[in-house]
>>> print(open('protein23.cif').read())   # mmCIF, C-alpha atoms
data_upload
loop_
_atom_site.label_atom_id
_atom_site.label_comp_id
_atom_site.auth_asym_id
_atom_site.auth_seq_id
_atom_site.Cartn_x
_atom_site.Cartn_y
_atom_site.Cartn_z
CA MET R 1 -35.65 -94.59 -20.34
CA ILE R 2 -35.58 -94.03 -16.58
CA PRO R 3 -36.67 -90.48 -15.57
CA VAL R 4 -33.95 -88.05 -14.44
CA SER R 5 -35.52 -87.71 -10.99
CA GLU R 6 -35.34 -91.47 -10.47
CA THR R 7 -31.73 -91.52 -11.68
CA LEU R 8 -30.84 -88.78 -9.18
CA ARG R 9 -32.59 -90.67 -6.37
CA LEU R 10 -30.69 -93.87 -7.16
CA ALA R 11 -27.39 -91.95 -7.37
CA ALA R 12 -27.99 -90.28 -4.00
CA ARG R 13 -28.88 -93.60 -2.38
CA ALA R 14 -25.71 -95.21 -3.78
CA LEU R 15 -23.52 -92.40 -2.47
CA ARG R 16 -25.15 -92.48 0.99
CA ARG R 17 -24.22 -96.15 1.35
CA ASN R 18 -20.56 -95.14 1.68
CA LYS R 19 -20.62 -91.64 3.18
CA LEU R 20 -16.95 -91.58 4.25
CA ARG R 21 -15.73 -92.91 0.91
CA SER R 22 -17.88 -90.38 -0.94
CA PHE R 23 -16.49 -87.53 1.18
CA LEU R 24 -12.89 -88.62 0.70
CA THR R 25 -13.52 -88.86 -3.03
CA THR R 26 -14.78 -85.28 -3.15
CA LEU R 27 -11.88 -84.01 -1.00
CA GLY R 28 -9.62 -83.48 -3.98
CA ILE R 29 -12.34 -81.48 -5.72
CA ILE R 30 -12.93 -79.44 -2.55
CA ILE R 31 -9.25 -78.58 -2.18
CA GLY R 32 -8.82 -77.79 -5.88
CA VAL R 33 -11.86 -75.51 -6.15
CA GLY R 34 -11.09 -73.91 -2.79
CA ALA R 35 -7.52 -73.16 -3.84
CA VAL R 36 -8.68 -71.61 -7.12
CA ILE R 37 -11.28 -69.44 -5.37
CA PHE R 38 -8.79 -68.36 -2.70
CA ILE R 39 -6.00 -67.48 -5.16
CA GLN R 40 -8.31 -65.66 -7.57
CA SER R 41 -9.96 -63.69 -4.74
CA ILE R 42 -6.64 -62.63 -3.24
CA GLY R 43 -5.37 -61.74 -6.72
CA GLU R 44 -8.43 -59.59 -7.46
CA GLY R 45 -8.07 -57.92 -4.06
CA ALA R 46 -4.42 -57.14 -4.76
CA LYS R 47 -5.33 -55.60 -8.13
CA SER R 48 -8.01 -53.47 -6.48
CA ARG R 49 -5.48 -52.26 -3.92
CA VAL R 50 -2.97 -51.38 -6.64
CA ARG R 51 -5.64 -49.48 -8.56
CA ALA R 52 -6.67 -47.62 -5.40
CA GLN R 53 -3.06 -46.74 -4.58
CA ILE R 54 -2.43 -45.46 -8.10
CA GLU R 55 -5.68 -43.49 -8.07
CA SER R 56 -4.60 -41.94 -4.76
CA ALA R 57 -1.82 -40.22 -6.69
CA GLY R 58 -4.52 -38.33 -8.59
CA THR R 59 -6.97 -38.87 -11.40
CA ASN R 60 -6.58 -38.43 -15.15
CA ILE R 61 -2.88 -37.58 -14.76
CA VAL R 62 -0.30 -37.38 -17.53
CA MET R 63 3.30 -37.01 -16.33
CA LEU R 64 5.62 -34.87 -18.47
CA TRP R 65 9.43 -34.86 -18.31
CA SER R 66 12.19 -33.15 -20.23
CA GLY R 67 14.28 -35.24 -22.61
CA SER R 68 17.10 -37.67 -21.86
CA SER R 69 20.73 -36.74 -22.31
CA GLN R 70 23.20 -38.62 -24.48
CA GLY R 71 26.82 -38.82 -23.36
CA PRO R 72 29.91 -41.02 -23.55
CA GLY R 73 28.61 -43.11 -20.67
CA GLY R 74 25.28 -43.81 -22.39
CA ARG R 75 21.82 -42.34 -22.43
CA GLY R 76 20.48 -40.62 -19.33
CA GLY R 77 17.03 -41.04 -17.88
CA ALA R 78 13.95 -38.94 -18.58
CA GLY R 79 14.47 -35.36 -17.38
CA SER R 80 18.28 -35.50 -17.54
CA GLN R 81 18.37 -33.05 -20.49
CA PRO R 82 16.43 -29.80 -19.80
CA SER R 83 14.15 -29.07 -22.73
CA ILE R 84 10.76 -27.87 -21.43
CA THR R 85 10.57 -24.14 -20.74
CA TRP R 86 8.24 -22.11 -18.56
CA GLU R 87 6.74 -20.74 -21.76
CA ASP R 88 6.01 -24.33 -22.87
CA LEU R 89 4.26 -24.91 -19.56
CA ARG R 90 2.10 -21.80 -19.98
CA ALA R 91 1.25 -22.87 -23.53
CA ILE R 92 0.10 -26.29 -22.25
CA GLN R 93 -2.07 -24.53 -19.65
CA THR R 94 -3.70 -22.10 -22.06
CA GLU R 95 -3.73 -23.68 -25.53
CA LEU R 96 -4.82 -27.28 -24.97
CA PRO R 97 -8.59 -27.71 -24.54
CA SER R 98 -8.31 -31.21 -23.05
CA VAL R 99 -6.11 -30.04 -20.14
CA ARG R 100 -7.79 -29.24 -16.83
CA ALA R 101 -4.75 -28.19 -14.74
CA VAL R 102 -0.95 -28.20 -14.85
CA ALA R 103 1.50 -28.23 -11.95
CA PRO R 104 5.32 -28.39 -12.04
CA GLN R 105 7.08 -30.18 -9.19
CA ILE R 106 10.61 -29.73 -7.90
CA ASN R 107 11.66 -32.21 -5.23
CA SER R 108 14.50 -32.24 -2.73
CA SER R 109 15.10 -34.40 0.33
CA GLN R 110 16.10 -32.08 3.18
CA PRO R 111 16.16 -32.08 7.01
CA VAL R 112 13.28 -30.04 8.41
CA ILE R 113 13.68 -28.59 11.90
CA SER R 114 10.90 -27.85 14.37
CA GLU R 115 11.24 -26.61 17.93
CA THR R 116 11.52 -30.15 19.26
CA ASN R 117 12.58 -32.46 16.42
CA THR R 118 14.46 -32.78 13.14
CA TRP R 119 13.02 -34.95 10.39
CA ASN R 120 14.45 -35.70 6.96
CA THR R 121 11.57 -35.60 4.47
CA GLN R 122 10.85 -34.83 0.83
CA ILE R 123 10.17 -31.18 0.15
CA THR R 124 8.18 -30.36 -2.97
CA GLY R 125 7.98 -26.96 -4.58
CA THR R 126 4.79 -26.69 -6.59
CA THR R 127 1.70 -24.60 -7.31
CA PRO R 128 -1.82 -24.73 -5.82
CA ASP R 129 -3.01 -26.71 -8.87
CA TYR R 130 -0.93 -29.66 -7.63
CA PHE R 131 -3.49 -30.39 -4.91
CA VAL R 132 -6.34 -30.09 -7.42
CA ILE R 133 -4.66 -32.59 -9.74
CA ARG R 134 -4.03 -35.04 -6.92
CA ASN R 135 -7.49 -34.62 -5.37
CA TRP R 136 -5.77 -33.91 -2.08
CA PRO R 137 -7.68 -31.70 0.37
CA VAL R 138 -6.48 -30.58 3.79
CA ALA R 139 -7.53 -32.29 7.00
CA SER R 140 -7.00 -28.99 8.87
CA GLY R 141 -5.89 -25.48 8.00
CA ALA R 142 -5.68 -24.41 4.36
CA LEU R 143 -3.60 -24.87 1.22
CA PHE R 144 -1.20 -22.17 0.12
CA THR R 145 -2.73 -19.90 -2.50
CA ALA R 146 -1.92 -18.32 -5.87
CA SER R 147 -1.01 -15.10 -4.04
CA ASP R 148 1.45 -17.10 -1.90
CA GLN R 149 2.96 -18.41 -5.13
CA ALA R 150 3.15 -14.89 -6.61
CA SER R 151 4.84 -13.43 -3.51
CA ALA R 152 7.08 -16.45 -2.73
CA ALA R 153 5.41 -16.62 0.69
CA LYS R 154 7.11 -18.88 3.23
CA ASN R 155 4.02 -20.97 3.90
CA ALA R 156 4.01 -24.77 3.94
CA VAL R 157 1.50 -27.61 3.77
CA ILE R 158 2.56 -30.81 5.52
CA GLY R 159 1.69 -34.50 5.29
CA GLN R 160 0.52 -36.28 8.40
CA THR R 161 3.52 -38.62 8.76
CA ALA R 162 5.95 -35.70 8.57
CA ALA R 163 3.78 -33.70 11.01
CA GLU R 164 3.74 -36.52 13.57
CA ASN R 165 7.52 -36.92 13.41
CA LEU R 166 8.19 -33.18 13.66
CA PHE R 167 5.64 -32.20 16.31
CA GLY R 168 4.51 -35.49 17.89
CA PRO R 169 1.26 -37.49 17.59
CA GLY R 170 -1.88 -35.52 18.31
CA VAL R 171 -0.19 -32.10 18.18
CA ASP R 172 -1.81 -29.49 15.93
CA PRO R 173 0.98 -28.12 13.71
CA ILE R 174 -1.07 -25.25 12.23
CA GLY R 175 0.81 -22.00 12.83
CA GLN R 176 4.01 -23.77 13.90
CA ILE R 177 7.32 -22.52 12.53
CA ILE R 178 9.78 -24.91 10.89
CA ARG R 179 13.17 -24.23 9.36
CA ILE R 180 14.54 -25.45 6.04
CA ARG R 181 18.14 -24.41 5.42
CA ASP R 182 17.70 -21.74 8.12
CA ALA R 183 14.70 -20.29 6.25
CA PRO R 184 11.57 -20.14 8.46
CA PHE R 185 8.30 -21.47 7.04
CA THR R 186 4.87 -21.41 8.66
CA ILE R 187 2.65 -24.51 8.57
CA VAL R 188 -0.71 -23.40 7.17
CA GLY R 189 -2.30 -26.77 6.40
CA VAL R 190 -2.18 -30.50 7.14
CA LEU R 191 -3.14 -32.76 4.26
CA GLU R 192 -5.55 -35.67 4.54
CA ARG R 193 -3.88 -39.05 4.95
CA LYS R 194 -3.29 -40.96 1.69
CA GLY R 195 -1.08 -43.87 2.82
CA GLN R 196 1.39 -45.72 0.63
CA ASN R 197 1.49 -45.41 -3.12
CA ALA R 198 1.84 -48.32 -5.56
CA MET R 199 5.62 -48.28 -5.11
CA GLY R 200 5.36 -48.63 -1.34
CA MET R 201 6.36 -45.02 -0.55
CA ASP R 202 4.57 -43.12 2.19
CA GLN R 203 2.72 -40.27 0.47
CA ASP R 204 2.11 -38.57 3.81
CA ASP R 205 5.82 -38.11 4.53
CA GLY R 206 6.31 -34.81 2.72
CA LEU R 207 6.28 -31.04 2.93
CA TYR R 208 4.89 -28.76 0.20
CA ILE R 209 5.83 -25.13 -0.34
CA PRO R 210 5.14 -22.61 -3.12
CA LEU R 211 7.30 -23.19 -6.18
CA SER R 212 8.53 -19.60 -6.11
CA ALA R 213 9.65 -19.96 -2.48
CA PHE R 214 11.42 -23.22 -3.32
CA GLN R 215 13.33 -21.54 -6.14
CA THR R 216 14.14 -18.49 -4.04
CA ARG R 217 15.14 -20.21 -0.80
CA MET R 218 16.38 -23.64 -1.84
CA GLN R 219 17.18 -24.08 -5.52
CA ARG R 220 17.71 -21.48 -8.18
CA GLY R 221 16.63 -23.88 -10.93
CA LEU R 222 17.62 -23.87 -14.58
CA GLY R 223 16.63 -20.40 -15.70
CA LYS R 224 14.10 -20.65 -18.52
CA PHE R 225 13.83 -24.44 -18.21
CA VAL R 226 11.44 -26.26 -15.88
CA PRO R 227 13.34 -28.52 -13.47
CA GLY R 228 11.65 -31.69 -12.24
CA ARG R 229 8.48 -33.14 -13.68
CA ILE R 230 5.15 -31.65 -14.66
CA SER R 231 1.76 -33.13 -13.74
CA VAL R 232 -0.96 -32.54 -16.30
CA SER R 233 -4.58 -33.35 -15.48
CA ALA R 234 -6.93 -34.28 -18.34
CA VAL R 235 -10.57 -33.22 -18.27
CA SER R 236 -11.64 -36.90 -18.17
CA PRO R 237 -10.11 -40.40 -18.21
CA GLU R 238 -11.12 -40.75 -21.86
CA ALA R 239 -9.19 -37.59 -22.71
CA ILE R 240 -5.81 -38.92 -21.48
CA PRO R 241 -4.65 -40.24 -24.90
CA ARG R 242 -5.79 -37.00 -26.53
CA VAL R 243 -3.88 -34.92 -23.96
CA ARG R 244 -0.70 -36.87 -24.62
CA GLN R 245 -1.10 -36.37 -28.36
CA GLU R 246 -1.85 -32.65 -27.97
CA ILE R 247 1.19 -32.16 -25.71
CA ALA R 248 3.42 -33.99 -28.19
CA GLU R 249 2.17 -31.95 -31.14
CA LEU R 250 2.47 -28.65 -29.23
CA LEU R 251 6.00 -29.28 -27.91
CA ARG R 252 7.31 -30.63 -31.22
CA GLU R 253 6.04 -27.50 -32.92
CA ARG R 254 7.46 -25.16 -30.25
CA HIS R 255 10.82 -26.98 -30.20
CA ARG R 256 10.95 -26.96 -34.01
CA LEU R 257 11.46 -30.71 -34.31
CA GLY R 258 11.44 -32.21 -37.78
CA PRO R 259 9.46 -35.29 -38.85
CA ASP R 260 12.53 -37.52 -38.34
CA ASP R 261 13.62 -35.95 -35.03
CA GLU R 262 13.00 -37.80 -31.78
CA ASP R 263 10.92 -36.16 -29.06
CA ASP R 264 13.04 -34.18 -26.60
CA PHE R 265 10.49 -34.88 -23.87
CA SER R 266 8.58 -37.90 -22.58
CA THR R 267 5.10 -38.53 -21.20
CA SER R 268 3.44 -41.33 -19.28
CA SER R 269 0.07 -41.89 -17.67
CA MET R 270 -1.21 -43.60 -14.56
CA ALA R 271 -3.13 -45.95 -16.86
CA GLU R 272 0.19 -47.34 -18.11
CA MET R 273 1.40 -47.93 -14.57
CA THR R 274 -1.88 -49.58 -13.63
CA SER R 275 -1.70 -51.84 -16.67
CA MET R 276 1.92 -52.79 -15.97
CA LEU R 277 1.37 -53.65 -12.32
CA THR R 278 -1.93 -55.47 -12.81
CA SER R 279 -0.57 -57.48 -15.76
CA THR R 280 2.26 -58.73 -13.54
CA GLN R 281 -0.24 -59.72 -10.87
CA ASP R 282 -2.46 -61.38 -13.49
CA THR R 283 0.48 -63.51 -14.59
CA MET R 284 1.23 -64.61 -11.03
CA THR R 285 -2.44 -65.29 -10.30
CA LEU R 286 -2.75 -67.34 -13.50
CA LEU R 287 0.35 -69.36 -12.62
CA LEU R 288 -0.86 -70.10 -9.09
CA SER R 289 -4.35 -70.93 -10.39
CA ALA R 290 -2.85 -73.39 -12.88
CA ILE R 291 -1.04 -75.09 -10.00
CA ALA R 292 -4.28 -75.19 -8.01
CA LEU R 293 -6.09 -76.74 -10.98
CA VAL R 294 -3.70 -79.69 -10.77
CA SER R 295 -5.42 -80.72 -7.55
CA LEU R 296 -8.73 -80.62 -9.43
CA VAL R 297 -7.31 -83.08 -11.94
CA VAL R 298 -6.08 -85.26 -9.06
CA GLY R 299 -9.57 -85.04 -7.58
CA GLY R 300 -11.01 -86.11 -10.93
CA ILE R 301 -8.72 -89.13 -10.99
CA GLY R 302 -10.01 -89.97 -7.51
CA VAL R 303 -13.58 -89.78 -8.80
CA MET R 304 -12.71 -92.12 -11.68
CA ASN R 305 -10.98 -94.55 -9.35
CA ILE R 306 -13.84 -94.75 -6.89
CA MET R 307 -16.41 -95.10 -9.67
CA LEU R 308 -14.45 -98.00 -11.15
CA VAL R 309 -14.44 -99.63 -7.71
CA SER R 310 -18.17 -98.96 -7.48
CA VAL R 311 -18.78 -100.62 -10.86
CA THR R 312 -16.87 -103.70 -9.70
CA GLU R 313 -18.72 -103.85 -6.36
CA ARG R 314 -22.14 -103.43 -8.00
CA THR R 315 -21.66 -105.74 -10.97
CA ARG R 316 -24.39 -108.10 -9.77
CA GLU R 317 -26.77 -105.15 -9.14
CA ILE R 318 -26.12 -103.94 -12.70
CA GLY R 319 -26.91 -107.42 -14.02
CA ILE R 320 -30.21 -107.56 -12.11
CA ARG R 321 -31.24 -104.11 -13.35
CA MET R 322 -30.46 -105.10 -16.94
CA ALA R 323 -32.37 -108.36 -16.49
CA VAL R 324 -35.54 -106.50 -15.43
CA GLY R 325 -35.40 -104.10 -18.38
CA ALA R 326 -32.83 -101.37 -17.74
CA GLN R 327 -31.11 -100.23 -20.90
CA PRO R 328 -27.32 -99.69 -21.22
CA ALA R 329 -28.05 -95.93 -21.49
CA ASP R 330 -29.86 -96.08 -18.11
CA ILE R 331 -26.86 -97.75 -16.46
CA MET R 332 -24.47 -95.28 -18.04
CA ASN R 333 -26.59 -92.30 -16.95
CA GLN R 334 -26.78 -93.56 -13.39
CA PHE R 335 -23.00 -93.84 -12.92
CA LEU R 336 -22.40 -90.58 -14.81
CA VAL R 337 -24.89 -88.78 -12.57
CA GLU R 338 -23.18 -90.25 -9.48
CA ALA R 339 -19.82 -88.88 -10.66
CA LEU R 340 -21.41 -85.52 -11.47
CA VAL R 341 -23.10 -85.31 -8.07
CA LEU R 342 -19.83 -86.09 -6.31
CA SER R 343 -18.04 -83.36 -8.27
CA ALA R 344 -20.85 -80.83 -7.87
CA ILE R 345 -20.98 -81.34 -4.10
CA GLY R 346 -17.19 -81.10 -3.99
CA GLY R 347 -17.33 -77.89 -6.04
CA ALA R 348 -19.93 -76.28 -3.76
CA LEU R 349 -18.00 -77.24 -0.63
CA GLY R 350 -14.81 -76.04 -2.33
CA VAL R 351 -16.31 -72.59 -2.90
CA LEU R 352 -17.28 -72.37 0.77
CA PHE R 353 -13.82 -73.62 1.76
CA GLY R 354 -12.01 -71.09 -0.46
CA VAL R 355 -14.10 -68.12 0.68
CA GLY R 356 -13.90 -69.15 4.33
CA LEU R 357 -10.14 -69.69 4.13
CA GLY R 358 -9.69 -66.27 2.57
CA GLN R 359 -11.81 -64.50 5.17
CA MET R 360 -9.85 -66.22 7.92
CA ILE R 361 -6.32 -65.67 6.54
CA ALA R 362 -6.59 -62.37 4.62
CA PRO R 363 -7.10 -60.06 7.65
CA ARG R 364 -4.09 -61.55 9.44
CA PHE R 365 -1.75 -60.56 6.61
CA GLY R 366 -3.49 -57.33 5.67
CA TRP R 367 -4.68 -58.75 2.34
CA ILE R 368 -7.86 -57.72 0.55
CA MET R 369 -10.17 -60.47 -0.64
CA GLU R 370 -12.50 -59.80 -3.57
CA THR R 371 -14.47 -62.81 -4.79
CA LYS R 372 -16.06 -62.38 -8.20
CA SER R 373 -19.27 -64.24 -9.02
CA GLU R 374 -17.96 -65.24 -12.44
CA VAL R 375 -14.94 -66.92 -10.85
CA VAL R 376 -17.25 -68.93 -8.60
CA LEU R 377 -19.41 -69.97 -11.56
CA ILE R 378 -16.35 -70.97 -13.61
CA ALA R 379 -14.96 -73.00 -10.69
CA LEU R 380 -18.30 -74.81 -10.28
CA GLY R 381 -18.47 -75.42 -14.01
CA VAL R 382 -14.93 -76.83 -14.08
CA SER R 383 -15.65 -79.13 -11.14
CA ALA R 384 -18.81 -80.41 -12.87
CA GLY R 385 -16.80 -80.88 -16.08
CA VAL R 386 -14.20 -82.86 -14.15
CA GLY R 387 -16.97 -85.13 -12.87
CA ILE R 388 -18.31 -85.74 -16.36
CA VAL R 389 -14.91 -86.29 -17.99
CA PHE R 390 -13.56 -88.61 -15.33
CA GLY R 391 -16.90 -90.34 -14.72
CA LEU R 392 -17.49 -91.09 -18.38
CA TYR R 393 -15.16 -94.11 -18.61
CA PRO R 394 -16.50 -95.94 -15.51
CA ALA R 395 -20.08 -95.21 -16.62
CA ARG R 396 -19.41 -96.53 -20.10
CA LYS R 397 -17.71 -99.61 -18.67
CA ALA R 398 -20.76 -100.29 -16.47
CA SER R 399 -23.16 -99.93 -19.40
CA GLN R 400 -21.20 -102.43 -21.50
CA LEU R 401 -21.33 -105.26 -18.96
CA ASP R 402 -22.91 -108.45 -20.21
CA PRO R 403 -26.08 -109.08 -18.15
CA ILE R 404 -25.48 -112.86 -17.90
CA ASP R 405 -21.85 -112.41 -16.79
CA ALA R 406 -22.96 -109.72 -14.35
CA LEU R 407 -25.60 -112.00 -12.80
CA ARG R 408 -22.99 -114.75 -12.34
CA TYR R 409 -20.53 -112.31 -10.69
CA GLU R 410 -19.76 -113.10 -7.04
#
>>> encode(input="protein23.cif", output="structure tokens")
Amino acid sequence: MIPVSETLRLAARALRRNKLRSFLTTLGIIIGVGAVIFIQSIGEGAKSRVRAQIESAGTNIVMLWSGSSQGPGGRGGAGSQPSITWEDLRAIQTELPSVRAVAPQINSSQPVISETNTWNTQITGTTPDYFVIRNWPVASGALFTASDQASAAKNAVIGQTAAENLFGPGVDPIGQIIRIRDAPFTIVGVLERKGQNAMGMDQDDGLYIPLSAFQTRMQRGLGKFVPGRISVSAVSPEAIPRVRQEIAELLRERHRLGPDDEDDFSTSSMAEMTSMLTSTQDTMTLLLSAIALVSLVVGGIGVMNIMLVSVTERTREIGIRMAVGAQPADIMNQFLVEALVLSAIGGALGVLFGVGLGQMIAPRFGWIMETKSEVVLIALGVSAGVGIVFGLYPARKASQLDPIDALRYE
């Protein structure tokens, strides 16, 4: 049996004889592996961006809505049937050990007027806990306080996009007076920039005022019922399922719902949204990767084709080697190693090609590229497997040549 080192040396020498042909043979492998690396890296980057955008909405959040209405026209959406009271909200705040903070939110899109501009933005009436839940500090100034909430103070915290459109870029809005429905509000804080959320909405285009001021100046609300949605922050990510269960048990008991009655409220978590969006991206990435793998198969066929040509061209050489003592296994190993080397080189160059292509293209389109080491290892393993699978038949054919016929071959 010829040593492995000698087999590798013979394979390398055979491939160097036809450098251009060897390169062209590996080209299909290079393109296939490069495409897989590029697609997987862009896909992982997109998932990381989605996760970051969802996390920017806050951590450990459970969203709570009132129930859905049922009418002649069909069933309404979540929150269309008021069912959660202010007493329910206080019970969630005080009776559930897994809850860190609770903040109701009432939203309304309104024109906001400054001394120089008018800007239509989303106005949110909420409590100071809202900024705790969303992990949203101020870039300048301060947040409105619990005493502002208690006194319905006309103080406002503004997002940076809304501030730039109302006062102009670079202008400090702290202390400026704005008007909402002829009611004057004082800007006391500017929030740090968060950017777009997972749905593509600008989180910085908004104005936040105390819930009590919102109800007094803009919307009287629904009496004992909480309008809008309620953000509930769990004490930890692991506690999110427990919080949802505790809320369900508490509200069903308070609303006197029987075992067969449907919930008159609904909850969801950011984990569900993350799972939904990333699963969609996983499907697309898998589909594109499957298409890219086709080129790997085409590359494998190229390897098989060129190895069959090589067997034909080197028939006399094979006969001479057999005549001086080489065994069929030695001949088979040599051609199999040549196919494997071609595929392995193609795989390595393909990884470099995929990473380089991503680093060149991704910044131009604002994409994020995140290459995982396991993806690289799998791509290299697949390319090596392609070499073995498609090199096996030519190698076997070479090993089965009759030495006498091979020596007579011209």
>>> closest_residue(input="protein23.cif", among="R:Thr267, R:Leu352, R:Thr145, R:Val375", to="Val243 in chain R", atoms="all atoms listed in the file")
R:Thr267
>>> atom_distance(input="protein23.cif", atom1="CA of Gln196 in chain R", atom2="CA of Thr161 in chain R")
11.0 Å
>>> closest_residue(input="protein23.cif", among="R:Ile320, R:Ala239, R:Ile230, R:Leu296", to="Leu89 in chain R", atoms="all atoms listed in the file")
R:Ile230
>>> closest_residue(input="protein23.cif", among="R:Ala398, R:Ala362, R:Val298, R:Leu251", to="Ser83 in chain R", atoms="only C-alpha atoms")
R:Leu251
>>> closest_residue(input="protein23.cif", among="R:Val297, R:Ala348, R:Ile378, R:Val226", to="Gly67 in chain R", atoms="all atoms listed in the file")
R:Val226
>>> closest_atom_pairs(input="protein23.cif", of="range 55-165 of chain R", to="range 169-189 of chain R", cutoff="10 Å", atoms="all atoms listed in the file", output="Markdown table")
| residue | atom | partner | partner_atom | distance |
| --- | --- | --- | --- | --- |
| R:Gln110 | CA | R:Ile180 | CA | 7.4 |
| R:Pro111 | CA | R:Ile180 | CA | 6.9 |
| R:Val112 | CA | R:Ile180 | CA | 5.3 |
| R:Ile113 | CA | R:Arg179 | CA | 5.1 |
| R:Ser114 | CA | R:Ile178 | CA | 4.7 |
| R:Glu115 | CA | R:Ile178 | CA | 7.4 |
| R:Asn117 | CA | R:Ile178 | CA | 9.8 |
| R:Thr118 | CA | R:Ile178 | CA | 9.4 |
| R:Ile123 | CA | R:Ile180 | CA | 9.3 |
| R:Pro137 | CA | R:Gly189 | CA | 9.5 |
| R:Val138 | CA | R:Gly189 | CA | 6.2 |
| R:Ala139 | CA | R:Gly189 | CA | 7.6 |
| R:Ser140 | CA | R:Gly189 | CA | 5.8 |
| R:Gly141 | CA | R:Gly189 | CA | 4.1 |
| R:Ala142 | CA | R:Gly189 | CA | 4.6 |
| R:Leu143 | CA | R:Gly189 | CA | 5.7 |
| R:Phe144 | CA | R:Val188 | CA | 7.2 |
| R:Ala153 | CA | R:Phe185 | CA | 8.5 |
| R:Lys154 | CA | R:Phe185 | CA | 4.8 |
| R:Asn155 | CA | R:Thr186 | CA | 4.9 |
| R:Ala156 | CA | R:Ile187 | CA | 4.8 |
| R:Val157 | CA | R:Gly189 | CA | 4.7 |
| R:Ile158 | CA | R:Gly189 | CA | 6.4 |
| R:Gly159 | CA | R:Gly189 | CA | 8.8 |
| R:Gln160 | CA | R:Pro169 | CA | 9.3 |
| R:Thr161 | CA | R:Pro169 | CA | 9.2 |
| R:Ala163 | CA | R:Pro173 | CA | 6.8 |
| R:Glu164 | CA | R:Pro169 | CA | 4.8 |
| R:Asn165 | CA | R:Pro169 | CA | 7.5 |
>>> decode(input="protein23.cif", residues="range 336-348 of chain R", atoms="N, CA and C atoms", output="PDB file, in the first residue's frame")
ATOM      1  N   LEU R 336      -9.068   9.227  -6.196  1.00  0.00           N
ATOM      2  CA  LEU R 336     -10.021   9.736  -5.203  1.00  0.00           C
ATOM      3  C   LEU R 336      -9.424  10.924  -4.455  1.00  0.00           C
ATOM      4  N   VAL R 337      -8.137  10.826  -4.128  1.00  0.00           N
ATOM      5  CA  VAL R 337      -7.459  11.938  -3.447  1.00  0.00           C
ATOM      6  C   VAL R 337      -7.386  13.159  -4.364  1.00  0.00           C
ATOM      7  N   GLU R 338      -7.138  12.948  -5.660  1.00  0.00           N
ATOM      8  CA  GLU R 338      -7.118  14.074  -6.604  1.00  0.00           C
ATOM      9  C   GLU R 338      -8.470  14.796  -6.624  1.00  0.00           C
ATOM     10  N   ALA R 339      -9.565  14.024  -6.676  1.00  0.00           N
ATOM     11  CA  ALA R 339     -10.900  14.628  -6.662  1.00  0.00           C
ATOM     12  C   ALA R 339     -11.148  15.360  -5.351  1.00  0.00           C
ATOM     13  N   LEU R 340     -10.701  14.757  -4.246  1.00  0.00           N
ATOM     14  CA  LEU R 340     -10.896  15.373  -2.930  1.00  0.00           C
ATOM     15  C   LEU R 340     -10.098  16.660  -2.802  1.00  0.00           C
ATOM     16  N   VAL R 341      -8.872  16.642  -3.305  1.00  0.00           N
ATOM     17  CA  VAL R 341      -8.035  17.855  -3.256  1.00  0.00           C
ATOM     18  C   VAL R 341      -8.662  18.975  -4.083  1.00  0.00           C
ATOM     19  N   LEU R 342      -9.141  18.633  -5.263  1.00  0.00           N
ATOM     20  CA  LEU R 342      -9.811  19.644  -6.095  1.00  0.00           C
ATOM     21  C   LEU R 342     -10.995  20.273  -5.348  1.00  0.00           C
ATOM     22  N   SER R 343     -11.816  19.425  -4.737  1.00  0.00           N
ATOM     23  CA  SER R 343     -13.001  19.920  -4.030  1.00  0.00           C
ATOM     24  C   SER R 343     -12.621  20.704  -2.784  1.00  0.00           C
ATOM     25  N   ALA R 344     -11.604  20.239  -2.064  1.00  0.00           N
ATOM     26  CA  ALA R 344     -11.195  20.927  -0.844  1.00  0.00           C
ATOM     27  C   ALA R 344     -10.632  22.305  -1.157  1.00  0.00           C
ATOM     28  N   ILE R 345      -9.809  22.383  -2.207  1.00  0.00           N
ATOM     29  CA  ILE R 345      -9.279  23.693  -2.623  1.00  0.00           C
ATOM     30  C   ILE R 345     -10.422  24.600  -3.065  1.00  0.00           C
ATOM     31  N   GLY R 346     -11.363  24.029  -3.841  1.00  0.00           N
ATOM     32  CA  GLY R 346     -12.523  24.802  -4.270  1.00  0.00           C
ATOM     33  C   GLY R 346     -13.347  25.278  -3.085  1.00  0.00           C
ATOM     34  N   GLY R 347     -13.503  24.413  -2.062  1.00  0.00           N
ATOM     35  CA  GLY R 347     -14.253  24.808  -0.873  1.00  0.00           C
ATOM     36  C   GLY R 347     -13.586  25.933  -0.120  1.00  0.00           C
ATOM     37  N   ALA R 348     -12.262  25.850   0.054  1.00  0.00           N
ATOM     38  CA  ALA R 348     -11.526  26.905   0.768  1.00  0.00           C
ATOM     39  C   ALA R 348     -11.603  28.228   0.031  1.00  0.00           C
TER      40      ALA R 348
END
